[in-house]
file structure-v1.txt (compact mmCIF, C-alpha atoms and all ligand atoms)
# COMPACT_ATOMS: atom_id res chain seq x y z
CA MET D 1 136.13 157.97 92.45
CA ASN D 2 138.21 161.12 92.15
CA ARG D 3 139.32 161.56 88.53
CA GLU D 4 142.30 163.76 89.46
CA VAL D 5 143.69 161.11 91.80
CA LEU D 6 143.60 158.54 88.99
CA LEU D 7 145.99 160.64 86.92
CA GLU D 8 148.58 160.53 89.71
CA ARG D 9 147.82 157.06 90.93
CA PRO D 10 146.01 154.78 88.42
CA ALA D 11 145.68 151.95 90.98
CA ALA D 12 143.22 154.16 92.88
CA ILE D 13 140.63 152.87 90.41
CA PHE D 14 140.29 149.79 92.66
CA GLU D 15 139.57 151.77 95.82
CA GLY D 16 136.14 151.39 97.37
CA LEU D 17 134.97 148.60 95.05
CA PRO D 18 132.53 146.12 96.61
CA GLY D 19 134.70 143.30 97.98
CA PRO D 20 138.23 142.02 97.31
CA ASN D 21 139.68 141.39 93.85
CA GLU D 22 139.33 137.62 93.45
CA PHE D 23 140.63 137.64 89.89
CA TYR D 24 144.25 138.62 90.45
CA GLY D 25 146.54 136.07 88.78
CA GLN D 26 143.59 133.82 87.87
CA ASP D 27 142.67 132.17 84.58
CA ILE D 28 139.25 133.09 83.21
CA LEU D 29 138.05 129.86 81.60
CA ALA D 30 134.39 129.29 82.41
CA VAL D 31 131.40 131.12 83.80
CA SER D 32 131.28 128.69 86.73
CA GLN D 33 134.01 130.89 88.25
CA PHE D 34 131.52 133.71 88.73
CA ASN D 35 128.94 134.39 91.41
CA ARG D 36 126.84 137.37 92.39
CA ARG D 37 129.56 138.74 94.62
CA ASN D 38 132.45 138.75 92.15
CA LEU D 39 130.12 139.80 89.31
CA GLU D 40 129.14 142.85 91.31
CA TYR D 41 132.83 143.65 91.77
CA LEU D 42 133.60 143.24 88.07
CA PHE D 43 130.61 145.31 86.94
CA ALA D 44 131.51 148.13 89.33
CA LEU D 45 135.04 148.14 87.91
CA ALA D 46 133.64 148.07 84.33
CA GLU D 47 131.53 151.14 85.12
CA ARG D 48 134.67 152.95 86.27
CA MET D 49 136.37 151.91 83.03
CA ARG D 50 133.46 153.44 81.11
CA ASP D 51 133.94 156.69 83.00
CA VAL D 52 137.68 156.69 82.34
CA VAL D 53 137.23 156.04 78.59
CA GLU D 54 134.49 158.65 78.26
CA THR D 55 136.38 161.35 80.14
CA ARG D 56 139.96 160.85 78.95
CA GLY D 57 140.24 157.81 76.69
CA GLY D 58 142.15 155.57 79.06
CA ILE D 59 144.29 155.06 82.15
CA ASP D 60 147.94 154.05 82.62
CA LEU D 61 147.25 151.03 84.77
CA LEU D 62 149.03 148.33 82.72
CA ARG D 63 152.08 150.22 81.50
CA HIS D 64 154.77 147.78 80.27
CA LYS D 65 152.36 144.86 80.48
CA VAL D 66 151.94 142.74 77.36
CA LEU D 67 148.97 140.65 76.20
CA ALA D 68 149.38 137.76 73.74
CA ALA D 69 146.11 137.55 71.76
CA ILE D 70 146.03 134.16 70.01
CA PHE D 71 143.07 133.66 67.68
CA TYR D 72 142.85 130.31 65.88
CA GLU D 73 139.28 131.08 64.79
CA PRO D 74 137.93 134.20 63.07
CA SER D 75 137.09 137.13 65.31
CA THR D 76 136.33 140.80 64.85
CA ARG D 77 134.82 142.09 68.09
CA THR D 78 136.48 139.84 70.63
CA SER D 79 140.01 140.29 69.30
CA SER D 80 139.74 144.02 68.61
CA SER D 81 138.06 144.76 71.93
CA PHE D 82 140.81 142.94 73.84
CA ILE D 83 143.41 144.92 71.88
CA ALA D 84 141.59 148.22 72.48
CA ALA D 85 141.13 147.32 76.17
CA MET D 86 144.83 146.57 76.67
CA GLU D 87 145.90 149.74 74.87
CA ARG D 88 143.44 151.98 76.72
CA LEU D 89 144.98 150.60 79.93
CA GLY D 90 148.45 151.62 78.76
CA GLY D 91 149.65 148.12 77.84
CA SER D 92 150.45 146.51 74.49
CA VAL D 93 149.51 143.44 72.48
CA ILE D 94 151.13 140.66 70.45
CA PRO D 95 148.36 139.71 67.98
CA ILE D 96 148.57 136.18 66.59
CA THR D 97 145.82 135.67 64.04
CA GLN D 98 147.25 133.74 61.14
CA GLY D 99 145.32 130.65 60.09
CA VAL D 100 147.72 128.21 61.70
CA GLN D 101 147.19 124.57 60.86
CA PHE D 102 147.71 122.55 63.97
CA SER D 103 147.25 119.02 65.14
CA SER D 104 144.55 118.12 67.61
CA VAL D 105 144.99 119.75 71.00
CA SER D 106 143.89 116.55 72.62
CA LYS D 107 147.14 114.97 71.37
CA GLY D 108 148.96 117.48 73.53
CA GLU D 109 150.89 118.94 70.63
CA SER D 110 151.45 122.40 69.26
CA LEU D 111 149.13 124.44 71.46
CA PRO D 112 151.10 123.86 74.69
CA ASP D 113 154.32 124.79 72.90
CA THR D 114 152.76 127.94 71.44
CA ILE D 115 151.48 128.93 74.86
CA ARG D 116 154.77 128.23 76.61
CA THR D 117 156.60 130.26 74.00
CA LEU D 118 154.32 133.30 74.07
CA GLU D 119 154.18 133.51 77.82
CA GLN D 120 157.91 134.19 77.79
CA TYR D 121 157.04 137.56 76.23
CA ALA D 122 153.62 138.29 77.68
CA ASP D 123 151.91 138.75 81.07
CA VAL D 124 148.53 137.37 80.05
CA ILE D 125 147.21 135.19 77.23
CA VAL D 126 143.88 135.47 75.45
CA LEU D 127 143.01 132.37 73.42
CA ARG D 128 140.30 131.53 70.90
CA HIS D 129 140.47 127.99 69.55
CA PRO D 130 138.06 125.67 67.68
CA GLU D 131 138.20 122.82 70.19
CA LYS D 132 136.14 122.60 73.33
CA GLY D 133 138.41 122.39 76.37
CA SER D 134 141.38 124.01 74.60
CA ALA D 135 141.53 127.02 76.95
CA ALA D 136 141.70 124.71 79.97
CA ILE D 137 144.53 122.77 78.31
CA ALA D 138 146.39 126.02 77.60
CA ALA D 139 145.90 127.10 81.22
CA HIS D 140 147.27 123.78 82.41
CA TYR D 141 150.54 124.43 80.58
CA ALA D 142 150.78 128.17 81.13
CA GLU D 143 152.15 129.88 84.19
CA LYS D 144 150.62 133.20 83.16
CA PRO D 145 146.86 133.74 83.33
CA VAL D 146 144.85 132.48 80.35
CA ILE D 147 141.55 134.08 79.31
CA ASN D 148 139.17 131.94 77.22
CA ALA D 149 137.93 133.93 74.22
CA GLY D 150 135.84 131.01 72.91
CA ASP D 151 136.70 127.29 72.84
CA GLY D 152 134.77 125.84 69.91
CA PRO D 153 131.17 125.12 70.89
CA GLY D 154 132.19 125.15 74.58
CA GLU D 155 132.22 128.49 76.39
CA HIS D 156 132.72 132.19 75.74
CA PRO D 157 132.83 133.61 79.26
CA THR D 158 133.90 137.17 78.45
CA GLN D 159 131.00 137.49 75.99
CA ALA D 160 128.56 136.26 78.64
CA LEU D 161 129.96 138.81 81.08
CA LEU D 162 129.46 141.67 78.66
CA ASP D 163 125.99 140.34 77.83
CA LEU D 164 124.99 140.31 81.48
CA PHE D 165 126.53 143.73 82.05
CA THR D 166 124.49 145.03 79.09
CA ILE D 167 121.23 143.69 80.55
CA LEU D 168 122.04 145.38 83.83
CA GLU D 169 122.99 148.69 82.23
CA GLU D 170 119.95 148.71 79.93
CA LEU D 171 117.23 147.43 82.26
CA GLY D 172 118.68 148.23 85.69
CA THR D 173 118.21 144.73 87.07
CA ILE D 174 118.53 141.07 86.18
CA ASP D 175 116.31 139.52 88.85
CA GLY D 176 112.71 139.17 87.74
CA LEU D 177 113.38 139.29 83.97
CA THR D 178 112.25 136.91 81.26
CA VAL D 179 115.17 136.14 78.94
CA ALA D 180 114.41 134.49 75.60
CA MET D 181 117.31 133.00 73.62
CA VAL D 182 116.65 132.53 69.92
CA GLY D 183 118.52 130.66 67.19
CA ASP D 184 121.36 128.17 67.37
CA LEU D 185 121.16 127.09 70.98
CA ARG D 186 122.99 123.85 70.27
CA TYR D 187 126.30 125.20 69.00
CA GLY D 188 126.09 128.80 70.19
CA ARG D 189 128.70 129.02 72.93
CA THR D 190 127.55 132.49 73.95
CA VAL D 191 124.13 131.00 74.74
CA HIS D 192 125.68 128.26 76.85
CA SER D 193 127.78 130.68 78.86
CA LEU D 194 125.05 133.29 79.31
CA THR D 195 122.50 130.68 80.40
CA GLU D 196 124.84 129.39 83.10
CA LEU D 197 125.67 132.89 84.26
CA LEU D 198 121.96 133.74 84.53
CA LEU D 199 121.54 130.87 86.99
CA ASN D 200 123.02 133.25 89.57
CA TYR D 201 119.81 135.28 89.29
CA ASP D 202 116.07 134.91 89.58
CA VAL D 203 115.01 134.81 85.91
CA ARG D 204 112.57 133.02 83.61
CA LEU D 205 114.22 131.36 80.60
CA ARG D 206 112.73 130.73 77.17
CA PHE D 207 114.63 128.77 74.51
CA VAL D 208 113.51 129.24 70.92
CA SER D 209 115.11 127.08 68.22
CA PRO D 210 114.42 124.61 65.45
CA GLU D 211 114.45 120.98 66.57
CA ILE D 212 118.01 120.22 65.47
CA LEU D 213 119.40 123.29 67.24
CA ARG D 214 117.83 122.79 70.65
CA ILE D 215 119.73 123.67 73.79
CA PRO D 216 121.99 120.76 74.91
CA LEU D 217 120.17 118.36 77.18
CA ASP D 218 122.70 118.55 80.01
CA LEU D 219 122.31 122.34 80.15
CA MET D 220 118.52 122.08 80.01
CA ASN D 221 118.60 119.56 82.87
CA LYS D 222 120.82 121.86 84.88
CA VAL D 223 118.33 124.70 84.47
CA ARG D 224 115.38 122.44 85.35
CA ASP D 225 117.13 120.87 88.36
CA ALA D 226 117.87 124.34 89.71
CA GLY D 227 114.09 124.93 89.75
CA TYR D 228 113.86 127.61 87.07
CA ASP D 229 110.71 128.52 85.15
CA VAL D 230 111.89 127.40 81.69
CA ARG D 231 110.20 126.57 78.39
CA GLU D 232 111.31 125.50 74.93
CA THR D 233 109.48 126.41 71.72
CA TYR D 234 110.06 126.53 67.96
CA ASP D 235 108.16 129.76 67.50
CA VAL D 236 109.43 133.18 68.52
CA HIS D 237 105.82 134.46 68.57
CA ASP D 238 105.28 132.30 71.67
CA VAL D 239 107.73 134.42 73.67
CA ILE D 240 107.79 137.87 72.09
CA GLU D 241 105.15 139.40 74.37
CA GLU D 242 106.72 138.33 77.64
CA ALA D 243 110.43 138.78 76.79
CA ASP D 244 112.39 141.50 78.57
CA VAL D 245 115.50 140.36 76.71
CA LEU D 246 115.42 138.80 73.24
CA TYR D 247 118.90 137.31 72.76
CA VAL D 248 119.25 136.41 69.09
CA THR D 249 122.06 134.27 67.68
CA ARG D 250 123.48 133.24 64.32
CA VAL D 251 123.30 129.64 63.12
CA GLN D 252 126.90 128.47 63.61
CA LYS D 253 127.64 127.22 60.09
CA GLU D 254 131.22 126.25 60.93
CA ARG D 255 130.06 123.67 63.50
CA PHE D 256 127.89 121.66 61.06
CA THR D 257 129.29 118.45 59.60
CA ASP D 258 126.36 118.21 57.17
CA LEU D 259 125.95 121.46 55.22
CA ALA D 260 122.58 120.35 53.85
CA GLN D 261 121.33 120.45 57.43
CA TYR D 262 122.67 123.98 57.79
CA GLU D 263 120.81 125.04 54.65
CA GLN D 264 117.57 123.74 56.18
CA VAL D 265 117.78 125.90 59.28
CA LYS D 266 119.85 128.92 58.30
CA ASP D 267 116.88 131.20 57.57
CA TYR D 268 114.60 129.91 60.27
CA TYR D 269 114.17 133.25 62.07
CA GLU D 270 114.19 136.89 61.18
CA ILE D 271 113.48 139.51 63.81
CA THR D 272 111.60 142.35 62.08
CA PRO D 273 109.90 145.61 63.10
CA GLU D 274 106.62 143.78 62.52
CA LEU D 275 107.49 141.14 65.14
CA LEU D 276 108.66 143.80 67.60
CA LYS D 277 105.23 145.45 67.50
CA HIS D 278 104.18 142.62 69.80
CA ALA D 279 107.07 143.16 72.22
CA LYS D 280 107.11 145.22 75.40
CA GLU D 281 107.96 148.88 75.13
CA ARG D 282 110.74 148.44 77.66
CA MET D 283 112.70 145.42 76.47
CA ILE D 284 115.96 144.92 74.57
CA VAL D 285 117.07 142.98 71.53
CA MET D 286 120.60 141.64 71.88
CA HIS D 287 122.95 139.71 69.56
CA PRO D 288 126.59 138.74 70.14
CA LEU D 289 127.18 139.49 66.41
CA PRO D 290 128.02 138.83 63.64
CA ARG D 291 124.46 138.67 62.31
CA VAL D 292 123.77 136.93 59.03
CA GLY D 293 120.11 137.75 58.50
CA GLU D 294 118.53 136.94 61.90
CA ILE D 295 117.74 140.60 62.60
CA SER D 296 116.60 142.81 59.76
CA TYR D 297 118.48 146.08 59.34
CA GLU D 298 115.30 148.09 59.90
CA VAL D 299 115.32 146.93 63.53
CA ASP D 300 118.54 148.95 64.09
CA LYS D 301 116.51 152.18 64.29
CA ASP D 302 114.40 150.82 67.14
CA PRO D 303 115.70 152.14 70.50
CA ARG D 304 115.23 148.62 71.88
CA ALA D 305 117.98 147.35 69.54
CA ALA D 306 120.87 147.12 72.02
CA TYR D 307 123.43 145.13 70.03
CA PHE D 308 125.83 147.94 69.21
CA ARG D 309 125.71 149.28 72.77
CA GLN D 310 126.42 145.65 73.75
CA VAL D 311 129.57 145.75 71.57
CA ARG D 312 130.70 148.92 73.35
CA ASN D 313 130.21 147.29 76.74
CA GLY D 314 132.64 144.57 75.64
CA LEU D 315 135.41 147.14 75.82
CA TYR D 316 134.62 148.11 79.42
CA ILE D 317 134.21 144.51 80.60
CA ARG D 318 137.49 143.42 78.99
CA MET D 319 139.30 146.43 80.46
CA ALA D 320 137.92 145.48 83.89
CA LEU D 321 138.93 141.83 83.49
CA LEU D 322 142.47 142.59 82.30
CA ALA D 323 142.95 145.10 85.11
CA ALA D 324 141.62 142.69 87.73
CA VAL D 325 143.71 139.75 86.47
CA LEU D 326 146.92 141.79 86.24
CA CYS D 327 146.68 144.09 89.29
CA PRO D 328 146.33 142.99 92.91
CA GLY D 329 143.61 145.65 93.35
C1 LIG E 401 130.27 134.97 68.92
C2 LIG E 401 131.27 133.84 69.01
O1 LIG E 401 132.39 133.96 68.49
O2 LIG E 401 130.91 132.84 69.61
N1 LIG E 401 130.83 136.15 68.42
C3 LIG E 401 131.45 136.99 69.29
O3 LIG E 401 132.37 136.64 70.00
N2 LIG E 401 130.93 138.21 69.40
C4 LIG E 401 129.02 134.63 68.22
C5 LIG E 401 129.10 134.06 66.84
O4 LIG E 401 130.15 133.88 66.24
O5 LIG E 401 128.00 133.77 66.31

call {"tool": "encode", "arguments": {"input": "structure-v1.txt", "output": "structure tokens"}}
result
Amino acid sequence: MNREVLLERPAAIFEGLPGPNEFYGQDILAVSQFNRRNLEYLFALAERMRDVVETRGGIDLLRHKVLAAIFYEPSTRTSSSFIAAMERLGGSVIPITQGVQFSSVSKGESLPDTIRTLEQYADVIVLRHPEKGSAAIAAHYAEKPVINAGDGPGEHPTQALLDLFTILEELGTIDGLTVAMVGDLRYGRTVHSLTELLLNYDVRLRFVSPEILRIPLDLMNKVRDAGYDVRETYDVHDVIEEADVLYVTRVQKERFTDLAQYEQVKDYYEITPELLKHAKERMIVMHPLPRVGEISYEVDKDPRAAYFRQVRNGLYIRMALLAAVLCPG
């Protein structure tokens, strides 16, 4: 990629990528939309975005394009990285983050009207909402592309994409790795999306959680039926020596109906330097963040702690996705 050419002609960023742009005009709702071929395309584009940001901060690819970022649940990284991504591509953002009280989406109220209103102003919609299936409902009503930024305990596809991209950037491959997911595997949507995305590769999966936070049975069956080497355990010591990726998650307090149950499991795990003494020298510790005690702060100094580099990769992946959805390529 010739950097000078990009100044004159930003769309040149798509030239020579592996394969066609399958994302143009599409909604991004679930990880089932991805396969090895289009992931390779997206990751190649994300690497170009990294180069563009590192060398000159951004590229004027989405000038005069507008993103409506609608967040009905708290967010720091996802919302700000989408805003930064849009602005570094030369576009702009309508941020909607107030704590709107709304009736159930399943009643077909409120959300469709919000979406149909905002798409009059915007070219693409990013939605985070507490109900599973809400992004698909929004996409049903919208004519403009909708990107799912988390639908309750359902999916969080853009997080899974940046997680996978991080593994690839850090370890150089995905095939052949042992990935251990630790924490709230029941409600953690990032775990659900990343697990499904990993089924495009040849990996071993280890699920580490307390009993009440085990991975949903349908997802476990899917992994088993696909023939994967998979094991569940309560104890992180069972997996620490073999893990190439330790993917740690927060217990999702907001999804519990019984807070006493939350209290029982909230401090179940803490990843410490002591534990990491048993881990491989070449492995990574990841976390979608925010952390609330699952990884001690002393771990941050360990070069294997990849979670802030993972945050940074979110910018490049979201730039690549917005560019691919809004430009024919
Ligand atoms: C995650 C989420 O919102 O699901 N955060 C994020 O997007 N980085 C994880 C979490 O909230 O625990």

call {"tool": "residues_around", "arguments": {"input": "structure-v1.txt", "residues": "Glu143 in chain D", "least_positions_apart": "4", "cutoff": "10 Å", "atoms": "all atoms listed in the file", "output": "list of chain:residue names"}}
result
D:Gly25, D:Asp27, D:Ile115, D:Arg116, D:Glu119, D:Gln120, D:Asp123, D:Val124, D:Ala138, D:Ala139

call {"tool": "residues_around", "arguments": {"input": "structure-v1.txt", "residues": "Arg3 in chain D", "least_positions_apart": "4", "cutoff": "10 Å", "atoms": "only C-alpha atoms", "output": "number ranges by chain"}}
result
D: 7-10, 12-13, 51-52, 55-56

call {"tool": "residues_near_ligand", "arguments": {"input": "structure-v1.txt", "ligand": "ligand LIG 401 (chain E)", "cutoff": "6 Å", "atoms": "all atoms listed in the file", "output": "VMD selection string"}}
result
chain D and resid 77 to 78 189 to 190 250 288 to 290

call {"tool": "residues_around", "arguments": {"input": "structure-v1.txt", "residues": "Arg282 in chain D", "least_positions_apart": "2", "cutoff": "9 Å", "atoms": "only C-alpha atoms", "output": "list in words"}}
result
Leu171, Asp244, Ala279, Lys280, Ile284 and Arg304 of chain D

call {"tool": "residues_near_point", "arguments": {"input": "structure-v1.txt", "point": "(118.4, 138.1, 57.8)", "cutoff": "9 Å", "atoms": "only C-alpha atoms", "output": "ChimeraX atom specification"}}
result
/D:267,269-271,291-297

call {"tool": "atom_distance", "arguments": {"input": "structure-v1.txt", "atom1": "CA of Met283 in chain D", "atom2": "CA of Leu39 in chain D"}}
result
22.4 Å

call {"tool": "closest_residue", "arguments": {"input": "structure-v1.txt", "among": "D:Leu89, D:Val66, D:Val248, D:Leu194", "to": "Arg50 in chain D", "atoms": "only C-alpha atoms"}}
result
D:Leu89

call {"tool": "residues_around", "arguments": {"input": "structure-v1.txt", "residues": "Gln252 in chain D", "least_positions_apart": "6", "cutoff": "10 Å", "atoms": "all atoms listed in the file", "output": "JSON, numbers by chain"}}
result
{"D": [153, 183, 184, 185, 186, 187, 188, 189, 213, 262, 266]}

call {"tool": "residues_around", "arguments": {"input": "structure-v1.txt", "residues": "Phe14 in chain D", "least_positions_apart": "2", "cutoff": "12 Å", "atoms": "all atoms listed in the file", "output": "PyMOL selection string"}}
result
chain D and resi 1-2+5-6+9-12+16-21+41-42+44-49+61+320+323-324+327-329

call {"tool": "closest_residue", "arguments": {"input": "structure-v1.txt", "among": "D:Glu241, D:Glu274, D:Glu40, D:Glu232", "to": "Arg214 in chain D", "atoms": "only C-alpha atoms"}}
result
D:Glu232

call {"tool": "closest_residue", "arguments": {"input": "structure-v1.txt", "among": "D:Leu29, D:Val191, D:Val285, D:Leu197", "to": "Pro216 in chain D", "atoms": "all atoms listed in the file"}}
result
D:Val191

call {"tool": "closest_residue", "arguments": {"input": "structure-v1.txt", "among": "D:Glu170, D:Glu263, D:Glu155, D:Asp225", "to": "His192 in chain D", "atoms": "only C-alpha atoms"}}
result
D:Glu155

call {"tool": "build_atoms", "arguments": {"input": "structure-v1.txt", "residues": "range 155-165 of chain D", "atoms": "all heavy atoms", "output": "PDB file, in the coordinates of the input"}}
result
ATOM      1  N   GLU D 155     132.602 127.284  75.645  1.00  0.00           N
ATOM      2  CA  GLU D 155     132.220 128.490  76.390  1.00  0.00           C
ATOM      3  C   GLU D 155     132.789 129.760  75.758  1.00  0.00           C
ATOM      4  O   GLU D 155     133.743 129.715  74.968  1.00  0.00           O
ATOM      5  CB  GLU D 155     132.740 128.391  77.821  1.00  0.00           C
ATOM      6  CG  GLU D 155     131.869 127.507  78.692  1.00  0.00           C
ATOM      7  CD  GLU D 155     131.660 128.120  80.072  1.00  0.00           C
ATOM      8  OE1 GLU D 155     131.586 129.367  80.197  1.00  0.00           O
ATOM      9  OE2 GLU D 155     131.584 127.336  81.026  1.00  0.00           O
ATOM     10  N   HIS D 156     132.214 130.865  76.148  1.00  0.00           N
ATOM     11  CA  HIS D 156     132.720 132.190  75.740  1.00  0.00           C
ATOM     12  C   HIS D 156     132.439 133.115  76.916  1.00  0.00           C
ATOM     13  O   HIS D 156     131.565 133.984  76.849  1.00  0.00           O
ATOM     14  CB  HIS D 156     131.982 132.624  74.471  1.00  0.00           C
ATOM     15  CG  HIS D 156     132.595 133.791  73.754  1.00  0.00           C
ATOM     16  ND1 HIS D 156     133.596 134.567  74.299  1.00  0.00           N
ATOM     17  CD2 HIS D 156     132.334 134.313  72.526  1.00  0.00           C
ATOM     18  CE1 HIS D 156     133.913 135.511  73.430  1.00  0.00           C
ATOM     19  NE2 HIS D 156     133.171 135.381  72.351  1.00  0.00           N
ATOM     20  N   PRO D 157     133.195 132.913  78.021  1.00  0.00           N
ATOM     21  CA  PRO D 157     132.830 133.610  79.260  1.00  0.00           C
ATOM     22  C   PRO D 157     132.870 135.128  79.175  1.00  0.00           C
ATOM     23  O   PRO D 157     132.000 135.795  79.757  1.00  0.00           O
ATOM     24  CB  PRO D 157     133.857 133.083  80.279  1.00  0.00           C
ATOM     25  CG  PRO D 157     134.948 132.454  79.495  1.00  0.00           C
ATOM     26  CD  PRO D 157     134.328 131.999  78.201  1.00  0.00           C
ATOM     27  N   THR D 158     133.830 135.697  78.444  1.00  0.00           N
ATOM     28  CA  THR D 158     133.900 137.170  78.450  1.00  0.00           C
ATOM     29  C   THR D 158     132.710 137.771  77.687  1.00  0.00           C
ATOM     30  O   THR D 158     132.236 138.853  78.019  1.00  0.00           O
ATOM     31  CB  THR D 158     135.240 137.707  77.906  1.00  0.00           C
ATOM     32  OG1 THR D 158     135.360 137.412  76.510  1.00  0.00           O
ATOM     33  CG2 THR D 158     136.418 137.102  78.659  1.00  0.00           C
ATOM     34  N   GLN D 159     132.210 137.030  76.691  1.00  0.00           N
ATOM     35  CA  GLN D 159     131.000 137.490  75.990  1.00  0.00           C
ATOM     36  C   GLN D 159     129.801 137.450  76.947  1.00  0.00           C
ATOM     37  O   GLN D 159     129.000 138.385  77.004  1.00  0.00           O
ATOM     38  CB  GLN D 159     130.735 136.612  74.761  1.00  0.00           C
ATOM     39  CG  GLN D 159     129.473 136.990  74.007  1.00  0.00           C
ATOM     40  CD  GLN D 159     129.583 138.291  73.224  1.00  0.00           C
ATOM     41  OE1 GLN D 159     130.613 138.563  72.612  1.00  0.00           O
ATOM     42  NE2 GLN D 159     128.544 139.115  73.236  1.00  0.00           N
ATOM     43  N   ALA D 160     129.689 136.371  77.707  1.00  0.00           N
ATOM     44  CA  ALA D 160     128.560 136.260  78.640  1.00  0.00           C
ATOM     45  C   ALA D 160     128.618 137.371  79.691  1.00  0.00           C
ATOM     46  O   ALA D 160     127.583 137.905  80.097  1.00  0.00           O
ATOM     47  CB  ALA D 160     128.566 134.887  79.300  1.00  0.00           C
ATOM     48  N   LEU D 161     129.824 137.724  80.105  1.00  0.00           N
ATOM     49  CA  LEU D 161     129.960 138.810  81.080  1.00  0.00           C
ATOM     50  C   LEU D 161     129.490 140.132  80.498  1.00  0.00           C
ATOM     51  O   LEU D 161     128.776 140.901  81.149  1.00  0.00           O
ATOM     52  CB  LEU D 161     131.416 138.927  81.555  1.00  0.00           C
ATOM     53  CG  LEU D 161     131.933 137.748  82.390  1.00  0.00           C
ATOM     54  CD1 LEU D 161     133.458 137.814  82.519  1.00  0.00           C
ATOM     55  CD2 LEU D 161     131.295 137.732  83.776  1.00  0.00           C
ATOM     56  N   LEU D 162     129.876 140.395  79.249  1.00  0.00           N
ATOM     57  CA  LEU D 162     129.460 141.670  78.660  1.00  0.00           C
ATOM     58  C   LEU D 162     127.964 141.639  78.344  1.00  0.00           C
ATOM     59  O   LEU D 162     127.290 142.675  78.394  1.00  0.00           O
ATOM     60  CB  LEU D 162     130.321 142.020  77.445  1.00  0.00           C
ATOM     61  CG  LEU D 162     130.082 141.349  76.095  1.00  0.00           C
ATOM     62  CD1 LEU D 162     129.060 142.088  75.264  1.00  0.00           C
ATOM     63  CD2 LEU D 162     131.393 141.282  75.333  1.00  0.00           C
ATOM     64  N   ASP D 163     127.430 140.461  78.064  1.00  0.00           N
ATOM     65  CA  ASP D 163     125.990 140.340  77.830  1.00  0.00           C
ATOM     66  C   ASP D 163     125.214 140.656  79.123  1.00  0.00           C
ATOM     67  O   ASP D 163     124.248 141.423  79.119  1.00  0.00           O
ATOM     68  CB  ASP D 163     125.630 138.916  77.377  1.00  0.00           C
ATOM     69  CG  ASP D 163     126.168 138.595  75.987  1.00  0.00           C
ATOM     70  OD1 ASP D 163     126.515 139.534  75.242  1.00  0.00           O
ATOM     71  OD2 ASP D 163     126.254 137.400  75.655  1.00  0.00           O
ATOM     72  N   LEU D 164     125.669 140.086  80.195  1.00  0.00           N
ATOM     73  CA  LEU D 164     124.990 140.310  81.480  1.00  0.00           C
ATOM     74  C   LEU D 164     125.109 141.772  81.916  1.00  0.00           C
ATOM     75  O   LEU D 164     124.150 142.379  82.390  1.00  0.00           O
ATOM     76  CB  LEU D 164     125.627 139.383  82.526  1.00  0.00           C
ATOM     77  CG  LEU D 164     124.827 139.142  83.789  1.00  0.00           C
ATOM     78  CD1 LEU D 164     123.519 138.439  83.470  1.00  0.00           C
ATOM     79  CD2 LEU D 164     125.626 138.277  84.764  1.00  0.00           C
ATOM     80  N   PHE D 165     126.295 142.325  81.730  1.00  0.00           N
ATOM     81  CA  PHE D 165     126.530 143.730  82.050  1.00  0.00           C
ATOM     82  C   PHE D 165     125.589 144.618  81.220  1.00  0.00           C
ATOM     83  O   PHE D 165     125.023 145.598  81.719  1.00  0.00           O
ATOM     84  CB  PHE D 165     128.003 144.066  81.752  1.00  0.00           C
ATOM     85  CG  PHE D 165     128.418 145.477  82.062  1.00  0.00           C
ATOM     86  CD1 PHE D 165     128.405 145.954  83.364  1.00  0.00           C
ATOM     87  CD2 PHE D 165     128.860 146.327  81.055  1.00  0.00           C
ATOM     88  CE1 PHE D 165     128.810 147.258  83.654  1.00  0.00           C
ATOM     89  CE2 PHE D 165     129.268 147.629  81.331  1.00  0.00           C
ATOM     90  CZ  PHE D 165     129.240 148.088  82.631  1.00  0.00           C
TER      91      PHE D 165
END
